[in-house]
$ cat data_36.pdb   # PDB, C-alpha atoms (C1' of nucleotides)
ATOM      1  CA  MET K   8      63.723 -96.168-103.761
ATOM      2  CA  GLN K   9      60.965 -94.829-101.647
ATOM      3  CA  ASP K  10      61.003 -94.797 -97.885
ATOM      4  CA  LYS K  11      57.244 -94.567 -97.593
ATOM      5  CA  ARG K  12      55.495 -91.628 -96.014
ATOM      6  CA  PRO K  13      54.723 -88.939 -98.590
ATOM      7  CA  THR K  14      54.726 -85.346 -97.416
ATOM      8  CA  GLU K  15      51.591 -83.257 -97.235
ATOM      9  CA  ALA K  16      51.894 -81.750-100.690
ATOM     10  CA  GLU K  17      52.754 -85.130-102.112
ATOM     11  CA  MET K  18      49.642 -86.620-100.560
ATOM     12  CA  ALA K  19      47.519 -83.991-102.247
ATOM     13  CA  ILE K  20      48.947 -85.001-105.602
ATOM     14  CA  LEU K  21      48.668 -88.701-104.912
ATOM     15  CA  GLY K  22      45.064 -88.087-103.969
ATOM     16  CA  VAL K  23      44.382 -86.763-107.436
ATOM     17  CA  LEU K  24      46.217 -89.590-109.147
ATOM     18  CA  TRP K  25      44.479 -92.220-107.063
ATOM     19  CA  ALA K  26      41.074 -90.700-107.703
ATOM     20  CA  GLN K  27      41.466 -89.921-111.382
ATOM     21  CA  GLY K  28      44.081 -92.311-112.620
ATOM     22  CA  PRO K  29      47.043 -91.276-114.817
ATOM     23  CA  ASN K  30      47.085 -87.564-115.524
ATOM     24  CA  THR K  31      49.198 -84.862-117.079
ATOM     25  CA  VAL K  32      50.780 -82.152-114.976
ATOM     26  CA  ARG K  33      48.258 -79.694-116.311
ATOM     27  CA  ALA K  34      45.342 -81.873-115.303
ATOM     28  CA  VAL K  35      46.691 -82.391-111.802
ATOM     29  CA  HIS K  36      47.291 -78.686-111.484
ATOM     30  CA  GLY K  37      43.767 -78.038-112.692
ATOM     31  CA  VAL K  38      42.362 -80.076-109.837
ATOM     32  CA  LEU K  39      44.650 -78.688-107.163
ATOM     33  CA  GLU K  40      44.818 -75.032-108.086
ATOM     34  CA  PRO K  41      41.274 -74.035-107.069
ATOM     35  CA  GLU K  42      41.514 -75.451-103.577
ATOM     36  CA  ARG K  43      45.169 -74.739-102.941
ATOM     37  CA  SER K  44      46.239 -71.926-105.314
ATOM     38  CA  ILE K  45      49.478 -73.520-106.322
ATOM     39  CA  GLY K  46      51.605 -72.698-109.357
ATOM     40  CA  TYR K  47      51.904 -74.939-112.371
ATOM     41  CA  THR K  48      55.654 -75.322-112.082
ATOM     42  CA  THR K  49      55.289 -76.156-108.431
ATOM     43  CA  VAL K  50      53.139 -79.139-109.294
ATOM     44  CA  LEU K  51      55.583 -80.113-112.010
ATOM     45  CA  LYS K  52      58.529 -79.928-109.626
ATOM     46  CA  LEU K  53      56.690 -81.930-107.020
ATOM     47  CA  LEU K  54      55.928 -84.631-109.546
ATOM     48  CA  GLN K  55      59.579 -84.726-110.601
ATOM     49  CA  ILE K  56      60.647 -85.125-106.983
ATOM     50  CA  MET K  57      58.052 -87.808-106.482
ATOM     51  CA  LEU K  58      59.342 -89.578-109.561
ATOM     52  CA  ASP K  59      62.772 -89.563-107.975
ATOM     53  CA  LYS K  60      61.404 -91.011-104.791
ATOM     54  CA  GLY K  61      59.511 -93.671-106.649
ATOM     55  CA  LEU K  62      56.103 -92.404-105.594
ATOM     56  CA  VAL K  63      54.959 -91.969-109.189
ATOM     57  CA  ARG K  64      55.759 -93.347-112.613
ATOM     58  CA  ARG K  65      55.528 -91.425-115.856
ATOM     59  CA  ASP K  66      55.015 -92.012-119.509
ATOM     60  CA  THR K  67      57.090 -89.664-121.628
ATOM     61  CA  ALA K  68      55.887 -90.947-124.963
ATOM     62  CA  GLN K  69      53.929 -87.780-125.599
ATOM     63  CA  ARG K  70      55.211 -84.278-125.165
ATOM     64  CA  SER K  71      52.919 -83.897-122.195
ATOM     65  CA  HIS K  72      54.177 -86.496-119.789
ATOM     66  CA  VAL K  73      51.558 -88.588-118.068
ATOM     67  CA  TYR K  74      52.059 -89.398-114.407
ATOM     68  CA  GLU K  75      50.489 -92.169-112.416
ATOM     69  CA  ALA K  76      50.759 -93.254-108.813
ATOM     70  CA  ALA K  77      53.401 -95.917-108.247
ATOM     71  CA  VAL K  78      52.498 -96.690-104.666
ATOM     72  CA  ASP K  79      49.528 -98.510-103.298
ATOM     73  CA  ARG K  80      46.975 -96.330-101.624
ATOM     74  CA  THR K  81      46.168 -98.876 -98.965
ATOM     75  CA  ALA K  82      49.813 -99.383 -98.077
ATOM     76  CA  ILE K  83      50.373 -95.662 -97.673
ATOM     77  CA  GLN K  84      47.273 -95.294 -95.563
ATOM     78  CA  GLU K  85      48.404 -98.118 -93.331
ATOM     79  CA  ALA K  86      51.840 -96.614 -92.944
ATOM     80  CA  LEU K  87      50.426 -93.226 -92.013
ATOM     81  CA  VAL K  88      47.904 -94.637 -89.580
ATOM     82  CA  GLY K  89      50.582 -96.787 -87.995
ATOM     83  CA  ASP K  90      52.791 -93.762 -87.630
ATOM     84  CA  LEU K  91      50.153 -91.711 -85.941
ATOM     85  CA  THR K  92      49.235 -94.606 -83.699
ATOM     86  CA  ASP K  93      52.793 -94.765 -82.463
ATOM     87  CA  LYS K  94      53.424 -91.065 -82.182
ATOM     88  CA  ALA K  95      50.203 -89.932 -80.554
ATOM     89  CA  PHE K  96      48.443 -92.957 -79.126
ATOM     90  CA  GLY K  97      51.211 -94.932 -77.520
ATOM     91  CA  GLY K  98      50.851 -97.637 -80.123
ATOM     92  CA  SER K  99      47.244 -98.407 -79.277
ATOM     93  CA  THR K 100      45.131 -98.708 -82.371
ATOM     94  CA  ALA K 101      42.007 -98.985 -80.262
ATOM     95  CA  SER K 102      42.723 -95.599 -78.671
ATOM     96  CA  LEU K 103      43.104 -93.989 -82.036
ATOM     97  CA  VAL K 104      39.896 -95.494 -83.319
ATOM     98  CA  MET K 105      37.912 -94.411 -80.298
ATOM     99  CA  ARG K 106      39.234 -90.902 -80.624
ATOM    100  CA  ALA K 107      38.392 -90.852 -84.316
ATOM    101  CA  LEU K 108      34.892 -92.116 -83.703
ATOM    102  CA  SER K 109      34.087 -89.876 -80.767
ATOM    103  CA  PRO K 110      30.657 -88.488 -81.523
ATOM    104  CA  GLU K 111      32.042 -84.957 -81.809
ATOM    105  CA  ARG K 112      34.141 -85.995 -84.753
ATOM    106  CA  ALA K 113      32.204 -88.746 -86.484
ATOM    107  CA  SER K 114      28.653 -88.631 -87.770
ATOM    108  CA  ALA K 115      26.132 -91.245 -86.749
ATOM    109  CA  GLU K 116      26.271 -92.550 -90.304
ATOM    110  CA  GLU K 117      29.994 -93.097 -90.118
ATOM    111  CA  ILE K 118      29.689 -94.877 -86.820
ATOM    112  CA  ALA K 119      26.973 -97.083 -88.273
ATOM    113  CA  GLU K 120      29.191 -97.780 -91.262
ATOM    114  CA  VAL K 121      32.024 -98.951 -89.049
ATOM    115  CA  ARG K 122      29.627-101.021 -87.008
ATOM    116  CA  ALA K 123      28.305-102.780 -90.059
ATOM    117  CA  TRP K 124      31.809-103.382 -91.299
ATOM    118  CA  LEU K 125      32.806-104.919 -87.988
ATOM    119  CA  ASP K 126      29.805-107.230 -88.162
ATOM    120  CA  GLY K 127      30.843-108.279 -91.631
ATOM    121  CA  LEU K 128      34.371-108.959 -90.416
ATOM    122  CA  GLU K 129      33.095-111.291 -87.764
ATOM    123  CA  ASN K 130      31.133-113.393 -90.200
ATOM    124  CA  GLY K 131      33.296-113.225 -93.276
ATOM    125  CA  GLY K 132      36.350-113.899 -91.199
ATOM    126  CA  ASP K 133      38.546-112.148 -93.771
ATOM    127  CA  ALA K 134      41.335-113.752 -95.803
TER     128      ALA K 134
ATOM    129  CA  MET O  19      49.823 -68.534 -79.388
ATOM    130  CA  GLN O  20      49.792 -72.089 -80.560
ATOM    131  CA  ASP O  21      48.494 -73.255 -83.883
ATOM    132  CA  LYS O  22      47.935 -76.789 -82.724
ATOM    133  CA  ARG O  23      49.707 -79.726 -84.297
ATOM    134  CA  PRO O  24      52.967 -80.507 -82.541
ATOM    135  CA  THR O  25      55.804 -81.861 -84.632
ATOM    136  CA  GLU O  26      57.155 -85.343 -84.196
ATOM    137  CA  ALA O  27      59.863 -84.437 -81.684
ATOM    138  CA  GLU O  28      57.412 -82.273 -79.799
ATOM    139  CA  MET O  29      54.966 -85.153 -79.524
ATOM    140  CA  ALA O  30      57.671 -87.321 -77.984
ATOM    141  CA  ILE O  31      58.206 -84.715 -75.293
ATOM    142  CA  LEU O  32      54.517 -84.145 -74.737
ATOM    143  CA  GLY O  33      54.164 -87.887 -74.359
ATOM    144  CA  VAL O  34      56.549 -87.798 -71.433
ATOM    145  CA  LEU O  35      54.876 -84.815 -69.825
ATOM    146  CA  TRP O  36      51.423 -86.313 -70.231
ATOM    147  CA  ALA O  37      52.524 -89.625 -68.796
ATOM    148  CA  GLN O  38      54.660 -88.346 -65.945
ATOM    149  CA  GLY O  39      53.360 -84.920 -65.163
ATOM    150  CA  PRO O  40      55.590 -81.853 -64.693
ATOM    151  CA  ASN O  41      59.258 -82.623 -65.156
ATOM    152  CA  THR O  42      62.643 -80.977 -65.398
ATOM    153  CA  VAL O  43      64.591 -80.940 -68.620
ATOM    154  CA  ARG O  44      66.959 -83.506 -67.192
ATOM    155  CA  ALA O  45      64.136 -85.852 -66.312
ATOM    156  CA  VAL O  46      62.551 -85.568 -69.749
ATOM    157  CA  HIS O  47      65.911 -86.156 -71.325
ATOM    158  CA  GLY O  48      66.406 -89.172 -69.100
ATOM    159  CA  VAL O  49      63.256 -90.764 -70.458
ATOM    160  CA  LEU O  50      63.885 -89.912 -74.085
ATOM    161  CA  GLU O  51      67.587 -90.505 -74.395
ATOM    162  CA  PRO O  52      67.572 -94.307 -74.191
ATOM    163  CA  GLU O  53      65.022 -94.780 -76.912
ATOM    164  CA  ARG O  54      66.006 -91.883 -79.091
ATOM    165  CA  SER O  55      69.617 -90.964 -78.259
ATOM    166  CA  ILE O  56      69.074 -87.265 -78.192
ATOM    167  CA  GLY O  57      71.276 -84.612 -76.607
ATOM    168  CA  TYR O  58      70.380 -82.776 -73.454
ATOM    169  CA  THR O  59      70.528 -79.365 -75.058
ATOM    170  CA  THR O  60      68.332 -80.586 -77.853
ATOM    171  CA  VAL O  61      65.590 -81.417 -75.392
ATOM    172  CA  LEU O  62      66.099 -78.082 -73.687
ATOM    173  CA  LYS O  63      65.857 -76.205 -76.948
ATOM    174  CA  LEU O  64      62.750 -78.117 -77.937
ATOM    175  CA  LEU O  65      61.099 -77.261 -74.647
ATOM    176  CA  GLN O  66      61.969 -73.601 -75.099
ATOM    177  CA  ILE O  67      60.443 -73.625 -78.560
ATOM    178  CA  MET O  68      57.378 -75.375 -77.216
ATOM    179  CA  LEU O  69      57.103 -72.761 -74.512
ATOM    180  CA  ASP O  70      57.074 -70.135 -77.227
ATOM    181  CA  LYS O  71      54.348 -71.967 -79.091
ATOM    182  CA  GLY O  72      52.304 -72.361 -75.951
ATOM    183  CA  LEU O  73      52.530 -76.135 -75.931
ATOM    184  CA  VAL O  74      54.083 -76.197 -72.457
ATOM    185  CA  ARG O  75      54.227 -74.009 -69.350
ATOM    186  CA  ARG O  76      57.155 -73.764 -66.983
ATOM    187  CA  ASP O  77      57.925 -72.933 -63.425
ATOM    188  CA  THR O  78      61.203 -71.086 -63.036
ATOM    189  CA  ALA O  79      61.110 -70.797 -59.268
ATOM    190  CA  GLN O  80      63.961 -73.266 -58.896
ATOM    191  CA  ARG O  81      67.182 -73.213 -60.797
ATOM    192  CA  SER O  82      66.039 -76.329 -62.649
ATOM    193  CA  HIS O  83      62.947 -75.188 -64.460
ATOM    194  CA  VAL O  84      59.966 -77.485 -64.344
ATOM    195  CA  TYR O  85      57.926 -77.934 -67.510
ATOM    196  CA  GLU O  86      54.403 -79.197 -67.855
ATOM    197  CA  ALA O  87      52.110 -79.774 -70.812
ATOM    198  CA  ALA O  88      49.878 -76.797 -71.553
ATOM    199  CA  VAL O  89      47.706 -78.500 -74.133
ATOM    200  CA  ASP O  90      45.051 -81.120 -73.728
ATOM    201  CA  ARG O  91      46.010 -84.556 -74.874
ATOM    202  CA  THR O  92      42.574 -85.364 -76.222
ATOM    203  CA  ALA O  93      42.404 -82.135 -78.186
ATOM    204  CA  ILE O  94      45.765 -82.795 -79.804
ATOM    205  CA  GLN O  95      44.818 -86.339 -80.653
ATOM    206  CA  GLU O  96      41.619 -85.144 -82.261
ATOM    207  CA  ALA O  97      43.447 -82.519 -84.260
ATOM    208  CA  LEU O  98      45.974 -85.033 -85.529
ATOM    209  CA  VAL O  99      43.374 -87.628 -86.401
ATOM    210  CA  GLY O 100      41.294 -85.005 -88.176
ATOM    211  CA  ASP O 101      44.328 -83.937 -90.141
ATOM    212  CA  LEU O 102      45.150 -87.404 -91.265
ATOM    213  CA  THR O 103      41.537 -88.055 -92.137
ATOM    214  CA  ASP O 104      41.537 -85.077 -94.454
ATOM    215  CA  LYS O 105      44.953 -85.614 -95.971
ATOM    216  CA  ALA O 106      44.864 -89.347 -96.592
ATOM    217  CA  PHE O 107      41.281 -90.522 -96.381
ATOM    218  CA  GLY O 108      39.363 -87.880 -98.258
ATOM    219  CA  GLY O 109      37.763 -86.721 -95.065
ATOM    220  CA  SER O 110      36.133 -90.047 -94.309
ATOM    221  CA  THR O 111      36.594 -91.040 -90.717
ATOM    222  CA  ALA O 112      35.031 -94.420 -91.414
ATOM    223  CA  SER O 113      37.694 -95.158 -94.034
ATOM    224  CA  LEU O 114      40.451 -94.317 -91.609
ATOM    225  CA  VAL O 115      38.965 -96.491 -88.915
ATOM    226  CA  MET O 116      38.530 -99.452 -91.198
ATOM    227  CA  ARG O 117      42.121 -99.144 -92.340
ATOM    228  CA  ALA O 118      43.329 -98.910 -88.768
ATOM    229  CA  LEU O 119      41.337-101.930 -87.720
ATOM    230  CA  SER O 120      42.158-104.118 -90.665
ATOM    231  CA  PRO O 121      43.108-107.453 -89.169
ATOM    232  CA  GLU O 122      46.677-107.097 -90.420
ATOM    233  CA  ARG O 123      47.182-104.068 -88.251
ATOM    234  CA  ALA O 124      44.949-104.573 -85.232
ATOM    235  CA  SER O 125      44.887-107.502 -82.849
ATOM    236  CA  ALA O 126      41.677-109.363 -82.130
ATOM    237  CA  GLU O 127      41.769-107.873 -78.659
ATOM    238  CA  GLU O 128      41.856-104.363 -79.988
ATOM    239  CA  ILE O 129      38.987-105.050 -82.337
ATOM    240  CA  ALA O 130      37.001-106.506 -79.458
ATOM    241  CA  GLU O 131      37.810-103.445 -77.391
ATOM    242  CA  VAL O 132      36.446-101.139 -80.037
ATOM    243  CA  ARG O 133      33.390-103.299 -80.474
ATOM    244  CA  ALA O 134      32.627-103.191 -76.766
ATOM    245  CA  TRP O 135      33.135 -99.456 -76.727
ATOM    246  CA  LEU O 136      30.731 -99.030 -79.630
ATOM    247  CA  ASP O 137      28.117-101.073 -77.754
ATOM    248  CA  GLY O 138      28.551 -98.827 -74.749
ATOM    249  CA  LEU O 139      28.107 -95.759 -76.947
ATOM    250  CA  GLU O 140      24.806 -97.050 -78.250
ATOM    251  CA  ASN O 141      23.345 -97.578 -74.820
ATOM    252  CA  GLY O 142      24.865 -94.618 -73.031
ATOM    253  CA  GLY O 143      23.572 -92.454 -75.854
ATOM    254  CA  ASP O 144      26.096 -89.702 -75.121
ATOM    255  CA  ALA O 145      25.221 -85.991 -75.153
TER     256      ALA O 145
ATOM    257  C1'  DA A   5      88.714 -68.237 -53.319
ATOM    258  C1'  DG A   6      89.179 -71.636 -56.791
ATOM    259  C1'  DT A   7      87.553 -75.656 -59.186
ATOM    260  C1'  DT A   8      84.153 -78.592 -60.872
ATOM    261  C1'  DG A   9      79.504 -79.754 -62.148
ATOM    262  C1'  DT A  10      74.800 -78.370 -63.501
ATOM    263  C1'  DC A  11      71.891 -75.520 -65.871
ATOM    264  C1'  DA A  12      69.591 -72.108 -69.212
ATOM    265  C1'  DA A  13      70.256 -69.333 -73.244
ATOM    266  C1'  DC A  14      71.629 -68.559 -77.722
ATOM    267  C1'  DG A  15      73.153 -69.105 -82.299
ATOM    268  C1'  DA A  16      73.870 -71.599 -86.072
ATOM    269  C1'  DA A  17      74.290 -75.482 -89.140
ATOM    270  C1'  DG A  18      72.190 -79.219 -91.893
ATOM    271  C1'  DA A  19      68.377 -81.533 -93.797
ATOM    272  C1'  DG A  20      63.946 -81.663 -95.962
ATOM    273  C1'  DT A  21      59.851 -79.287 -97.977
ATOM    274  C1'  DT A  22      57.538 -76.128-100.737
ATOM    275  C1'  DT A  23      57.505 -72.600-103.771
ATOM    276  C1'  DC A  24      58.502 -70.315-108.196
ATOM    277  C1'  DG A  25      61.207 -67.739-111.728
ATOM    278  C1'  DT A  26      63.790 -68.419-115.742
ATOM    279  C1'  DA A  27      65.546 -70.817-119.598
ATOM    280  C1'  DC A  28      65.209 -74.053-123.137
ATOM    281  C1'  DT A  29      62.500 -77.168-126.261
ATOM    282  C1'  DT A  30      58.844 -78.503-129.193
ATOM    283  C1'  DC A  31      54.808 -77.947-131.804
ATOM    284  C1'  DG A  32      51.352 -75.701-134.476
ATOM    285  C1'  DT A  33      49.917 -71.496-136.954
ATOM    286  C1'  DT A  34      50.610 -67.910-139.810
TER     287       DT A  34
ATOM    288  C1'  DA T   6      60.665 -69.117-141.473
ATOM    289  C1'  DA T   7      58.942 -66.634-137.555
ATOM    290  C1'  DC T   8      55.912 -66.417-133.602
ATOM    291  C1'  DG T   9      53.482 -67.776-129.772
ATOM    292  C1'  DA T  10      51.653 -71.318-126.821
ATOM    293  C1'  DA T  11      52.500 -75.222-124.042
ATOM    294  C1'  DG T  12      55.850 -78.126-121.888
ATOM    295  C1'  DT T  13      59.865 -79.749-119.233
ATOM    296  C1'  DA T  14      64.103 -78.935-116.673
ATOM    297  C1'  DC T  15      66.816 -76.540-113.455
ATOM    298  C1'  DG T  16      68.281 -73.728-109.752
ATOM    299  C1'  DA T  17      67.543 -71.204-105.954
ATOM    300  C1'  DA T  18      65.036 -68.905-102.225
ATOM    301  C1'  DA T  19      62.215 -69.157 -98.078
ATOM    302  C1'  DC T  20      60.612 -72.048 -94.392
ATOM    303  C1'  DT T  21      60.490 -75.439 -90.925
ATOM    304  C1'  DC T  22      62.447 -78.921 -88.125
ATOM    305  C1'  DT T  23      66.013 -80.980 -85.654
ATOM    306  C1'  DT T  24      70.232 -81.022 -83.705
ATOM    307  C1'  DC T  25      73.982 -79.618 -80.976
ATOM    308  C1'  DG T  26      78.183 -76.608 -79.598
ATOM    309  C1'  DT T  27      79.438 -72.873 -76.905
ATOM    310  C1'  DT T  28      78.895 -69.484 -73.499
ATOM    311  C1'  DG T  29      77.878 -67.599 -69.243
ATOM    312  C1'  DA T  30      75.503 -68.010 -64.746
ATOM    313  C1'  DC T  31      75.034 -70.271 -60.563
ATOM    314  C1'  DA T  32      76.038 -73.620 -56.953
ATOM    315  C1'  DA T  33      78.493 -76.849 -54.252
ATOM    316  C1'  DC T  34      82.577 -78.559 -52.508
ATOM    317  C1'  DT T  35      87.388 -78.232 -50.946
TER     318       DT T  35
END

$ encode --input "data_36.pdb" --output "structure tokens"
Amino acid sequence: MQDKRPTEAEMAILGVLWAQGPNTVRAVHGVLEPERSIGYTTVLKLLQIMLDKGLVRRDTAQRSHVYEAAVDRTAIQEALVGDLTDKAFGGSTASLVMRALSPERASAEEIAEVRAWLDGLENGGDA
Amino acid sequence: MQDKRPTEAEMAILGVLWAQGPNTVRAVHGVLEPERSIGYTTVLKLLQIMLDKGLVRRDTAQRSHVYEAAVDRTAIQEALVGDLTDKAFGGSTASLVMRALSPERASAEEIAEVRAWLDGLENGGDA
DNA sequence: AGTTGTCAACGAAGAGTTTCGTACTTCGTT
DNA sequence: AACGAAGTACGAAACTCTTCGTTGACAACT
């Protein structure tokens, strides 16, 4: 099973799979190598470990196995944000958000985006 | 020097030092032990490592050394949030914030708090 | 002076992460 | 059939993080 909370390298791979959908090892490596200079077998090994942990699934029908993310992006993001909230912000989500949105870190556009989203929340009411 | 980004155990200790000010090893251990059941020498060792990394300072005038945080809480929080933004949200602060504030994670009070803070930002204008 | 308690220092073990090299397999080309 | 390219599997090394046991110093008390 998977205990949530992918490591840093695992997140990089999940990022590719979430963005591009199912991919072969070679394709994932192709995306990661330029920005991270990582070996092909390293990516392969990581994917095998992630398979073990249940973070990815794979289709071995072809010689080149095709991997796809087996965890929900939103769920992982929530777990990671929750973690950081507890570890560094005493459990206060509001503190974390204010720190994230401090004008040194966030652009005016991003702040406006959040603002608009909050307005939508109020009206829509959510599910 | 320090390369920013304390580990999990280090953050727990920094949390104590930030909240309570300078403290002896025994005092830090006293706070942490109940919630984390950690040995005294473990805390000591951690503090020594953190001293090496420049995360804390210490006063050795007395037999019981007194440690204090040597890094700014806000700066660390920003570094950690920035990290998570890059690793899990494709660099989009707005995405992170929306995930953090999703009504499943954040209370209505926290959302209201952020909203009020955003209103203040708009008027105050900031630097 | 001897005993007991408190403390810092050190070393080392165990777990988890990341990284590849090497070996073996499979397929297509010659 | 032999060769080379492309793949997977495996094992192990190097790191980091966390944890604690042990040792030796110092102090306080009797």

$ resolve_selection --input "data_36.pdb" --expression "the PyMOL selection byres ((chain O) within 12 of (chain T))" --output "MDAnalysis selection string"
chainID O and resid 24:28 55:64 67 80:82

$ resolve_selection --input "data_36.pdb" --expression "the PyMOL selection byres ((chain A) within 10 of (chain O))" --output "ChimeraX atom specification"
/A:10-14

$ interface_residues --input "data_36.pdb" --of "chain O" --to "chain K" --cutoff "6 Å" --atoms "all atoms listed in the file" --output "number ranges by chain"
O: 112, 115, 128, 132

$ write_last_selection --input "data_36.pdb" --atoms "C-alpha atoms" --output "PDB file, keeping the file's coordinate frame"
ATOM      1  CA  ALA O 112      35.031 -94.420 -91.414  1.00  0.00           C
ATOM      2  CA  VAL O 115      38.965 -96.491 -88.915  1.00  0.00           C
ATOM      3  CA  GLU O 128      41.856-104.363 -79.988  1.00  0.00           C
ATOM      4  CA  VAL O 132      36.446-101.139 -80.037  1.00  0.00           C
TER       5      VAL O 132
END

$ atom_distance --input "data_36.pdb" --atom1 "atom CA of Asp90 of chain K" --atom2 "atom CA of Arg12 of chain K"
9.1 Å

$ resolve_selection --input "data_36.pdb" --expression "the PyMOL selection byres ((chain K and resi 29) around 6)" --output "number ranges by chain"
K: 24, 28, 30, 74-75

$ atom_distance --input "data_36.pdb" --atom1 "atom CA of Leu50 of chain O" --atom2 "atom CA of Ala87 of chain O"
15.9 Å

$ calpha_fit_and_write --input "data_36.pdb" --fixed "chain K" --moving "chain O" --output "short mmCIF file (atom, residue, chain, number, x, y, z; two decimals) with C-alpha atoms, in the frame of the given file"
data_model
loop_
_atom_site.label_atom_id
_atom_site.label_comp_id
_atom_site.auth_asym_id
_atom_site.auth_seq_id
_atom_site.Cartn_x
_atom_site.Cartn_y
_atom_site.Cartn_z
CA MET O 19 63.75 -96.13 -103.81
CA GLN O 20 60.93 -94.82 -101.72
CA ASP O 21 60.87 -94.76 -97.97
CA LYS O 22 57.12 -94.59 -97.76
CA ARG O 23 55.32 -91.69 -96.15
CA PRO O 24 54.52 -88.97 -98.64
CA THR O 25 54.54 -85.40 -97.41
CA GLU O 26 51.43 -83.29 -97.26
CA ALA O 27 51.79 -81.76 -100.72
CA GLU O 28 52.65 -85.14 -102.15
CA MET O 29 49.50 -86.65 -100.68
CA ALA O 30 47.42 -83.98 -102.38
CA ILE O 31 48.89 -84.97 -105.72
CA LEU O 32 48.58 -88.67 -105.06
CA GLY O 33 44.96 -88.04 -104.17
CA VAL O 34 44.37 -86.69 -107.65
CA LEU O 35 46.21 -89.52 -109.35
CA TRP O 36 44.40 -92.15 -107.31
CA ALA O 37 41.04 -90.59 -108.01
CA GLN O 38 41.51 -89.79 -111.68
CA GLY O 39 44.13 -92.17 -112.91
CA PRO O 40 47.14 -91.12 -115.02
CA ASN O 41 47.24 -87.41 -115.70
CA THR O 42 49.41 -84.70 -117.17
CA VAL O 43 50.96 -82.03 -115.02
CA ARG O 44 48.50 -79.53 -116.39
CA ALA O 45 45.55 -81.69 -115.47
CA VAL O 46 46.81 -82.28 -111.94
CA HIS O 47 47.43 -78.59 -111.58
CA GLY O 48 43.93 -77.90 -112.85
CA VAL O 49 42.44 -79.96 -110.05
CA LEU O 50 44.67 -78.62 -107.31
CA GLU O 51 44.88 -74.97 -108.18
CA PRO O 52 41.33 -73.96 -107.25
CA GLU O 53 41.46 -75.41 -103.78
CA ARG O 54 45.08 -74.72 -103.05
CA SER O 55 46.23 -71.90 -105.35
CA ILE O 56 49.49 -73.47 -106.29
CA GLY O 57 51.71 -72.64 -109.26
CA TYR O 58 52.06 -74.86 -112.27
CA THR O 59 55.80 -75.25 -111.90
CA THR O 60 55.34 -76.14 -108.28
CA VAL O 61 53.20 -79.10 -109.24
CA LEU O 62 55.71 -80.06 -111.90
CA LYS O 63 58.58 -79.91 -109.47
CA LEU O 64 56.67 -81.94 -106.93
CA LEU O 65 55.96 -84.61 -109.50
CA GLN O 66 59.61 -84.73 -110.48
CA ILE O 67 60.61 -85.16 -106.86
CA MET O 68 57.99 -87.85 -106.44
CA LEU O 69 59.33 -89.59 -109.51
CA ASP O 70 62.73 -89.61 -107.85
CA LYS O 71 61.28 -91.08 -104.69
CA GLY O 72 59.41 -93.71 -106.63
CA LEU O 73 55.99 -92.44 -105.62
CA VAL O 74 54.92 -91.96 -109.24
CA ARG O 75 55.79 -93.31 -112.69
CA ARG O 76 55.64 -91.35 -115.91
CA ASP O 77 55.22 -91.86 -119.58
CA THR O 78 57.32 -89.49 -121.64
CA ALA O 79 56.18 -90.70 -125.03
CA GLN O 80 54.27 -87.48 -125.66
CA ARG O 81 55.57 -84.02 -125.15
CA SER O 82 53.22 -83.67 -122.18
CA HIS O 83 54.40 -86.33 -119.80
CA VAL O 84 51.75 -88.44 -118.17
CA TYR O 85 52.16 -89.31 -114.50
CA GLU O 86 50.53 -92.09 -112.56
CA ALA O 87 50.71 -93.21 -108.95
CA ALA O 88 53.32 -95.90 -108.36
CA VAL O 89 52.35 -96.70 -104.80
CA ASP O 90 49.35 -98.50 -103.44
CA ARG O 91 46.80 -96.33 -101.77
CA THR O 92 45.97 -98.88 -99.11
CA ALA O 93 49.62 -99.41 -98.25
CA ILE O 94 50.19 -95.69 -97.82
CA GLN O 95 47.10 -95.31 -95.70
CA GLU O 96 48.24 -98.14 -93.47
CA ALA O 97 51.69 -96.66 -93.12
CA LEU O 98 50.30 -93.27 -92.17
CA VAL O 99 47.80 -94.68 -89.70
CA GLY O 100 50.50 -96.84 -88.15
CA ASP O 101 52.72 -93.82 -87.81
CA LEU O 102 50.11 -91.77 -86.09
CA THR O 103 49.22 -94.66 -83.84
CA ASP O 104 52.80 -94.86 -82.65
CA LYS O 105 53.45 -91.15 -82.37
CA ALA O 106 50.26 -90.00 -80.70
CA PHE O 107 48.49 -93.01 -79.26
CA GLY O 108 51.27 -95.00 -77.68
CA GLY O 109 50.88 -97.69 -80.28
CA SER O 110 47.28 -98.45 -79.39
CA THR O 111 45.12 -98.74 -82.45
CA ALA O 112 42.03 -99.02 -80.29
CA SER O 113 42.78 -95.64 -78.70
CA LEU O 114 43.12 -94.02 -82.09
CA VAL O 115 39.88 -95.51 -83.31
CA MET O 116 37.95 -94.44 -80.26
CA ARG O 117 39.27 -90.91 -80.63
CA ALA O 118 38.37 -90.86 -84.30
CA LEU O 119 34.88 -92.12 -83.63
CA SER O 120 34.11 -89.93 -80.67
CA PRO O 121 30.67 -88.53 -81.37
CA GLU O 122 32.07 -85.01 -81.64
CA ARG O 123 34.12 -86.00 -84.63
CA ALA O 124 32.16 -88.75 -86.36
CA SER O 125 28.60 -88.63 -87.59
CA ALA O 126 26.08 -91.25 -86.54
CA GLU O 127 26.18 -92.55 -90.09
CA GLU O 128 29.89 -93.10 -89.96
CA ILE O 129 29.64 -94.89 -86.65
CA ALA O 130 26.91 -97.09 -88.07
CA GLU O 131 29.08 -97.79 -91.09
CA VAL O 132 31.93 -98.97 -88.92
CA ARG O 133 29.59 -101.04 -86.81
CA ALA O 134 28.19 -102.80 -89.86
CA TRP O 135 31.67 -103.40 -91.16
CA LEU O 136 32.73 -104.92 -87.85
CA ASP O 137 29.72 -107.26 -87.98
CA GLY O 138 30.73 -108.34 -91.46
CA LEU O 139 34.27 -109.01 -90.25
CA GLU O 140 33.01 -111.31 -87.53
CA ASN O 141 31.01 -113.45 -89.90
CA GLY O 142 33.31 -113.39 -92.89
CA GLY O 143 36.11 -114.41 -90.56
CA ASP O 144 38.79 -113.08 -92.92
CA ALA O 145 42.04 -114.93 -93.66
#
